[in-house]
file work.pdb (PDB, C-alpha atoms and all ligand atoms)
ATOM      1  CA  MET I  27     -23.326  -5.595-102.916  1.00  0.00           C
ATOM      2  CA  PHE I  28     -26.024  -7.516-104.774  1.00  0.00           C
ATOM      3  CA  CYS I  29     -25.725 -10.730-106.794  1.00  0.00           C
ATOM      4  CA  GLU I  30     -25.804  -9.979-110.525  1.00  0.00           C
ATOM      5  CA  LYS I  31     -27.711 -13.185-111.219  1.00  0.00           C
ATOM      6  CA  CYS I  32     -30.470 -13.318-108.589  1.00  0.00           C
ATOM      7  CA  GLY I  33     -30.284  -9.821-107.067  1.00  0.00           C
ATOM      8  CA  LYS I  34     -29.951 -10.985-103.457  1.00  0.00           C
ATOM      9  CA  GLU I  35     -27.887  -8.876-101.084  1.00  0.00           C
ATOM     10  CA  ILE I  36     -24.590 -10.585-100.179  1.00  0.00           C
ATOM     11  CA  ALA I  37     -21.375  -9.741 -98.346  1.00  0.00           C
ATOM     12  CA  ASP I  38     -18.928  -7.521-100.294  1.00  0.00           C
ATOM     13  CA  GLU I  39     -16.066  -9.986 -99.823  1.00  0.00           C
ATOM     14  CA  ALA I  40     -18.137 -13.025-100.890  1.00  0.00           C
ATOM     15  CA  VAL I  41     -16.652 -15.023-103.764  1.00  0.00           C
ATOM     16  CA  MET I  42     -19.964 -16.700-104.612  1.00  0.00           C
ATOM     17  CA  CYS I  43     -23.636 -16.017-104.003  1.00  0.00           C
ATOM     18  CA  VAL I  44     -25.068 -17.956-101.029  1.00  0.00           C
ATOM     19  CA  SER I  45     -28.505 -17.899-102.632  1.00  0.00           C
ATOM     20  CA  CYS I  46     -27.888 -19.142-106.197  1.00  0.00           C
ATOM     21  CA  GLY I  47     -24.210 -20.179-106.179  1.00  0.00           C
ATOM     22  CA  ASN I  48     -23.262 -17.645-108.865  1.00  0.00           C
ATOM     23  CA  SER I  49     -19.469 -17.177-108.899  1.00  0.00           C
ATOM     24  CA  LEU I  50     -18.791 -13.489-108.216  1.00  0.00           C
ATOM     25  CA  GLN I  51     -15.014 -13.453-108.457  1.00  0.00           C
ATOM     26  CA  LEU I  52     -15.136 -14.320-112.163  1.00  0.00           C
ATOM     27  CA  ILE I  53     -17.450 -11.398-112.924  1.00  0.00           C
ATOM     28  CA  GLN I  54     -15.284  -8.959-110.973  1.00  0.00           C
ATOM     29  CA  SER I  55     -12.031  -9.935-112.704  1.00  0.00           C
ATOM     30  CA  ASN I  56     -13.655  -9.796-116.156  1.00  0.00           C
ATOM     31  CA  THR I  57     -14.914  -6.263-115.671  1.00  0.00           C
ATOM     32  CA  THR I  58     -11.727  -4.647-114.335  1.00  0.00           C
ATOM     33  CA  PRO I  59     -11.831  -1.021-115.496  1.00  0.00           C
ATOM     34  CA  LYS I  60      -8.929   0.184-117.594  1.00  0.00           C
ATOM     35  CA  ASP I  61      -7.650   2.666-114.978  1.00  0.00           C
ATOM     36  CA  LYS I  62      -7.377  -0.176-112.455  1.00  0.00           C
ATOM     37  CA  LEU I  63      -4.818  -1.939-114.644  1.00  0.00           C
ATOM     38  CA  PRO I  64      -1.232  -1.977-113.365  1.00  0.00           C
ATOM     39  CA  LYS I  65       1.102   0.657-114.742  1.00  0.00           C
ATOM     40  CA  LEU I  66       4.185  -0.311-116.674  1.00  0.00           C
ATOM     41  CA  PRO I  67       7.428   0.397-114.816  1.00  0.00           C
ATOM     42  CA  ASN I  68       9.210   3.503-116.138  1.00  0.00           C
ATOM     43  CA  ALA I  69       6.534   4.364-118.745  1.00  0.00           C
ATOM     44  CA  ILE I  70       6.513   8.101-117.879  1.00  0.00           C
ATOM     45  CA  ALA I  71      10.320   8.209-117.550  1.00  0.00           C
ATOM     46  CA  THR I  72      10.614   6.515-120.956  1.00  0.00           C
ATOM     47  CA  LEU I  73       8.318   9.125-122.512  1.00  0.00           C
ATOM     48  CA  VAL I  74      10.172  12.078-120.932  1.00  0.00           C
ATOM     49  CA  LEU I  75      13.601  10.733-121.904  1.00  0.00           C
ATOM     50  CA  GLY I  76      12.335   9.847-125.391  1.00  0.00           C
ATOM     51  CA  ILE I  77      11.134  13.431-125.959  1.00  0.00           C
ATOM     52  CA  CYS I  78      14.438  14.759-124.550  1.00  0.00           C
ATOM     53  CA  SER I  79      16.353  12.594-127.013  1.00  0.00           C
ATOM     54  CA  ILE I  80      14.656  14.438-129.913  1.00  0.00           C
ATOM     55  CA  VAL I  81      14.681  17.930-128.347  1.00  0.00           C
ATOM     56  CA  PHE I  82      18.377  17.784-127.434  1.00  0.00           C
ATOM     57  CA  CYS I  83      19.117  15.512-130.419  1.00  0.00           C
ATOM     58  CA  CYS I  84      22.880  15.161-130.168  1.00  0.00           C
ATOM     59  CA  GLY I  85      25.107  14.768-127.148  1.00  0.00           C
ATOM     60  CA  ILE I  86      22.740  14.844-124.146  1.00  0.00           C
ATOM     61  CA  GLY I  87      19.844  13.687-126.360  1.00  0.00           C
ATOM     62  CA  THR I  88      21.782  10.614-127.480  1.00  0.00           C
ATOM     63  CA  ILE I  89      22.309   9.651-123.833  1.00  0.00           C
ATOM     64  CA  CYS I  90      18.596  10.264-123.089  1.00  0.00           C
ATOM     65  CA  GLY I  91      17.608   8.007-125.995  1.00  0.00           C
ATOM     66  CA  ILE I  92      19.909   5.182-124.894  1.00  0.00           C
ATOM     67  CA  VAL I  93      18.700   5.449-121.270  1.00  0.00           C
ATOM     68  CA  ALA I  94      15.030   5.509-122.422  1.00  0.00           C
ATOM     69  CA  LEU I  95      15.495   2.281-124.402  1.00  0.00           C
ATOM     70  CA  ALA I  96      17.476   0.681-121.578  1.00  0.00           C
ATOM     71  CA  ILE I  97      14.936   1.380-118.813  1.00  0.00           C
ATOM     72  CA  SER I  98      11.965   0.426-121.037  1.00  0.00           C
ATOM     73  CA  GLY I  99      13.393  -2.955-122.076  1.00  0.00           C
ATOM     74  CA  GLU I 100      11.827  -4.744-119.119  1.00  0.00           C
ATOM     75  CA  SER I 101       8.443  -3.042-119.682  1.00  0.00           C
ATOM     76  CA  ASN I 102       8.597  -3.997-123.349  1.00  0.00           C
ATOM     77  CA  LYS I 103       8.906  -7.663-122.372  1.00  0.00           C
ATOM     78  CA  LEU I 104       5.941  -7.368-119.981  1.00  0.00           C
ATOM     79  CA  LEU I 105       3.891  -5.670-122.684  1.00  0.00           C
ATOM     80  CA  ASN I 106       4.678  -8.354-125.267  1.00  0.00           C
ATOM     81  CA  GLU I 107       3.419 -11.016-122.852  1.00  0.00           C
ATOM     82  CA  ASN I 108       0.248  -9.087-121.981  1.00  0.00           C
ATOM     83  CA  PRO I 109      -0.507  -6.348-124.577  1.00  0.00           C
ATOM     84  CA  ASP I 110      -3.809  -5.257-122.967  1.00  0.00           C
ATOM     85  CA  GLY I 111      -2.752  -5.673-119.338  1.00  0.00           C
ATOM     86  CA  TYR I 112      -1.321  -2.207-118.677  1.00  0.00           C
ATOM     87  CA  SER I 113      -2.943   1.203-118.406  1.00  0.00           C
ATOM     88  CA  ASP I 114      -0.080   3.368-119.681  1.00  0.00           C
ATOM     89  CA  ALA I 115       1.199   1.334-122.619  1.00  0.00           C
ATOM     90  CA  GLY I 116       0.665   4.433-124.805  1.00  0.00           C
ATOM     91  CA  ASN I 117       3.256   6.486-122.883  1.00  0.00           C
ATOM     92  CA  HIS I 118       5.679   3.577-123.009  1.00  0.00           C
ATOM     93  CA  LYS I 119       5.301   3.068-126.786  1.00  0.00           C
ATOM     94  CA  ALA I 120       5.454   6.804-127.573  1.00  0.00           C
ATOM     95  CA  GLY I 121       8.579   7.141-125.401  1.00  0.00           C
ATOM     96  CA  ARG I 122      10.360   4.308-127.194  1.00  0.00           C
ATOM     97  CA  ILE I 123       9.416   5.693-130.629  1.00  0.00           C
ATOM     98  CA  CYS I 124      10.713   9.156-129.620  1.00  0.00           C
ATOM     99  CA  ALA I 125      13.934   7.595-128.277  1.00  0.00           C
ATOM    100  CA  ILE I 126      14.489   5.653-131.521  1.00  0.00           C
ATOM    101  CA  ILE I 127      13.845   8.798-133.625  1.00  0.00           C
ATOM    102  CA  GLY I 128      16.235  10.754-131.377  1.00  0.00           C
ATOM    103  CA  LEU I 129      18.936   8.112-131.793  1.00  0.00           C
ATOM    104  CA  ILE I 130      18.444   8.036-135.587  1.00  0.00           C
ATOM    105  CA  LEU I 131      18.790  11.850-135.673  1.00  0.00           C
ATOM    106  CA  SER I 132      21.948  11.584-133.561  1.00  0.00           C
ATOM    107  CA  GLY I 133      23.260   8.879-135.901  1.00  0.00           C
ATOM    108  CA  LEU I 134      22.546  10.999-138.986  1.00  0.00           C
ATOM    109  CA  PHE I 135      24.267  13.988-137.383  1.00  0.00           C
ATOM    110  CA  LEU I 136      27.287  11.846-136.563  1.00  0.00           C
ATOM    111  CA  ILE I 137      27.478  10.564-140.180  1.00  0.00           C
ATOM    112  CA  TYR I 138      27.084  14.150-141.446  1.00  0.00           C
ATOM    113  CA  TYR I 139      29.784  15.359-139.045  1.00  0.00           C
ATOM    114  CA  ILE I 140      32.194  12.573-140.059  1.00  0.00           C
ATOM    115  CA  ALA I 141      31.485  13.289-143.752  1.00  0.00           C
ATOM    116  CA  ILE I 142      32.236  17.020-143.323  1.00  0.00           C
ATOM    117  CA  VAL I 143      35.402  16.346-141.324  1.00  0.00           C
ATOM    118  CA  GLY I 144      36.422  13.693-143.871  1.00  0.00           C
ATOM    119  CA  LEU I 145      35.800  16.109-146.744  1.00  0.00           C
ATOM    120  CA  TYR I 146      37.967  18.822-145.195  1.00  0.00           C
ATOM    121  CA  ALA I 147      40.636  16.301-144.179  1.00  0.00           C
ATOM    122  CA  SER I 148      40.931  14.912-147.718  1.00  0.00           C
ATOM    123  CA  ASN I 149      40.897  18.407-149.252  1.00  0.00           C
ATOM    124  CA  PRO I 150      43.173  20.522-147.055  1.00  0.00           C
ATOM    125  CA  TYR I 151      42.994  23.445-149.509  1.00  0.00           C
ATOM    126  CA  TYR I 152      39.229  23.231-149.951  1.00  0.00           C
ATOM    127  CA  TYR I 153      38.628  26.496-148.123  1.00  0.00           C
TER     128      TYR I 153
HETATM  129 ZN    ZN I 201     -27.312 -15.067-106.551  1.00  0.00          ZN
END
call {"tool": "encode", "arguments": {"input": "work.pdb", "output": "structure tokens"}}
result
Amino acid sequence: MFCEKCGKEIADEAVMCVSCGNSLQLIQSNTTPKDKLPKLPNAIATLVLGICSIVFCCGIGTICGIVALAISGESNKLLNENPDGYSDAGNHKAGRICAIIGLILSGLFLIYYIAIVGLYASNPYYY
């Protein structure tokens, strides 16, 4: 590779230029491309389970939503500490949002179900 400051050819593993003393490690770490960033653990799994929690809504979907939130808890902590440090934060966030929506839908269905059962139970001759 070549020194960015003076243009002299230097060893690829060099941490500083032998000609001008320019620190090369600093430049390399500042220009890390986005696809080189580490991936969040479970980001794809969170997204898949989050979508499942909406698609299957109640029963299996409820379990998917709970699992999605559970496995993404650790990633959420990592992301809060370093919001720009991960390449697939979008999948992680979308997965959690889907899981929360799925759980809300499940919750609403449960309330609806209890209300219907309660209505019939309190009015035995309703139908
Ligand atoms: Zn140099």
call {"tool": "residues_near_ligand", "arguments": {"input": "work.pdb", "ligand": "ligand ZN 201 (chain I)", "cutoff": "7 Å", "atoms": "all atoms listed in the file", "output": "PDB file with C-alpha atoms, in the frame of the given file"}}
result
ATOM      1  CA  CYS I  29     -25.725 -10.730-106.794  1.00  0.00           C
ATOM      2  CA  GLU I  30     -25.804  -9.979-110.525  1.00  0.00           C
ATOM      3  CA  LYS I  31     -27.711 -13.185-111.219  1.00  0.00           C
ATOM      4  CA  CYS I  32     -30.470 -13.318-108.589  1.00  0.00           C
ATOM      5  CA  GLY I  33     -30.284  -9.821-107.067  1.00  0.00           C
ATOM      6  CA  LYS I  34     -29.951 -10.985-103.457  1.00  0.00           C
ATOM      7  CA  CYS I  43     -23.636 -16.017-104.003  1.00  0.00           C
ATOM      8  CA  VAL I  44     -25.068 -17.956-101.029  1.00  0.00           C
ATOM      9  CA  SER I  45     -28.505 -17.899-102.632  1.00  0.00           C
ATOM     10  CA  CYS I  46     -27.888 -19.142-106.197  1.00  0.00           C
ATOM     11  CA  GLY I  47     -24.210 -20.179-106.179  1.00  0.00           C
ATOM     12  CA  ASN I  48     -23.262 -17.645-108.865  1.00  0.00           C
TER      13      ASN I  48
END
call {"tool": "atom_distance", "arguments": {"input": "work.pdb", "atom1": "CA of Tyr138 (chain I)", "atom2": "CA of Val74 (chain I)"}}
result
26.7 Å
call {"tool": "atom_distance", "arguments": {"input": "work.pdb", "atom1": "CA of Ala115 (chain I)", "atom2": "CA of Lys65 (chain I)"}}
result
7.9 Å
call {"tool": "closest_residue", "arguments": {"input": "work.pdb", "among": "I:Ile137, I:Ile127, I:Leu66, I:Cys84", "to": "Lys103 (chain I)", "atoms": "all atoms listed in the file"}}
result
I:Leu66
call {"tool": "residues_around", "arguments": {"input": "work.pdb", "residues": "Thr72 (chain I)", "least_positions_apart": "2", "cutoff": "7 Å", "atoms": "all atoms listed in the file", "output": "list in words"}}
result
Asn68, Ala69, Ile70, Val74, Leu75, Gly76, Ala94, Ser98, His118, Gly121 and Arg122 of chain I
call {"tool": "closest_residue", "arguments": {"input": "work.pdb", "among": "I:Ile142, I:Leu63, I:Cys124, I:Leu105", "to": "Gly91 (chain I)", "atoms": "only C-alpha atoms"}}
result
I:Cys124
call {"tool": "closest_residue", "arguments": {"input": "work.pdb", "among": "I:Tyr139, I:Asn106, I:Gly133, I:Ile126", "to": "Ile77 (chain I)", "atoms": "only C-alpha atoms"}}
result
I:Ile126
call {"tool": "atom_distance", "arguments": {"input": "work.pdb", "atom1": "CA of Gly99 (chain I)", "atom2": "CA of Leu73 (chain I)"}}
result
13.1 Å
call {"tool": "closest_residue", "arguments": {"input": "work.pdb", "among": "I:Ser101, I:Ser132, I:Pro64, I:Ala37", "to": "Phe82 (chain I)", "atoms": "all atoms listed in the file"}}
result
I:Ser132
call {"tool": "closest_residue", "arguments": {"input": "work.pdb", "among": "I:Ala125, I:Ile80, I:Leu134, I:Met27", "to": "Met42 (chain I)", "atoms": "only C-alpha atoms"}}
result
I:Met27
call {"tool": "resolve_selection", "arguments": {"input": "work.pdb", "expression": "the PyMOL selection byres (((chain I and resi 38) around 10) and not hetatm)", "output": "PyMOL selection string"}}
result
chain I and resi 27-29+35-37+39-41+50
call {"tool": "write_last_selection", "arguments": {"input": "work.pdb", "atoms": "C-alpha atoms", "output": "short mmCIF file (atom, residue, chain, number, x, y, z; two decimals), in the coordinates of the input"}}
result
data_model
loop_
_atom_site.label_atom_id
_atom_site.label_comp_id
_atom_site.auth_asym_id
_atom_site.auth_seq_id
_atom_site.Cartn_x
_atom_site.Cartn_y
_atom_site.Cartn_z
CA MET I 27 -23.33 -5.60 -102.92
CA PHE I 28 -26.02 -7.52 -104.77
CA CYS I 29 -25.72 -10.73 -106.79
CA GLU I 35 -27.89 -8.88 -101.08
CA ILE I 36 -24.59 -10.58 -100.18
CA ALA I 37 -21.38 -9.74 -98.35
CA GLU I 39 -16.07 -9.99 -99.82
CA ALA I 40 -18.14 -13.02 -100.89
CA VAL I 41 -16.65 -15.02 -103.76
CA LEU I 50 -18.79 -13.49 -108.22
#
call {"tool": "closest_residue", "arguments": {"input": "work.pdb", "among": "I:Glu107, I:Gly128, I:Asn102, I:Ile97", "to": "Cys78 (chain I)", "atoms": "all atoms listed in the file"}}
result
I:Gly128
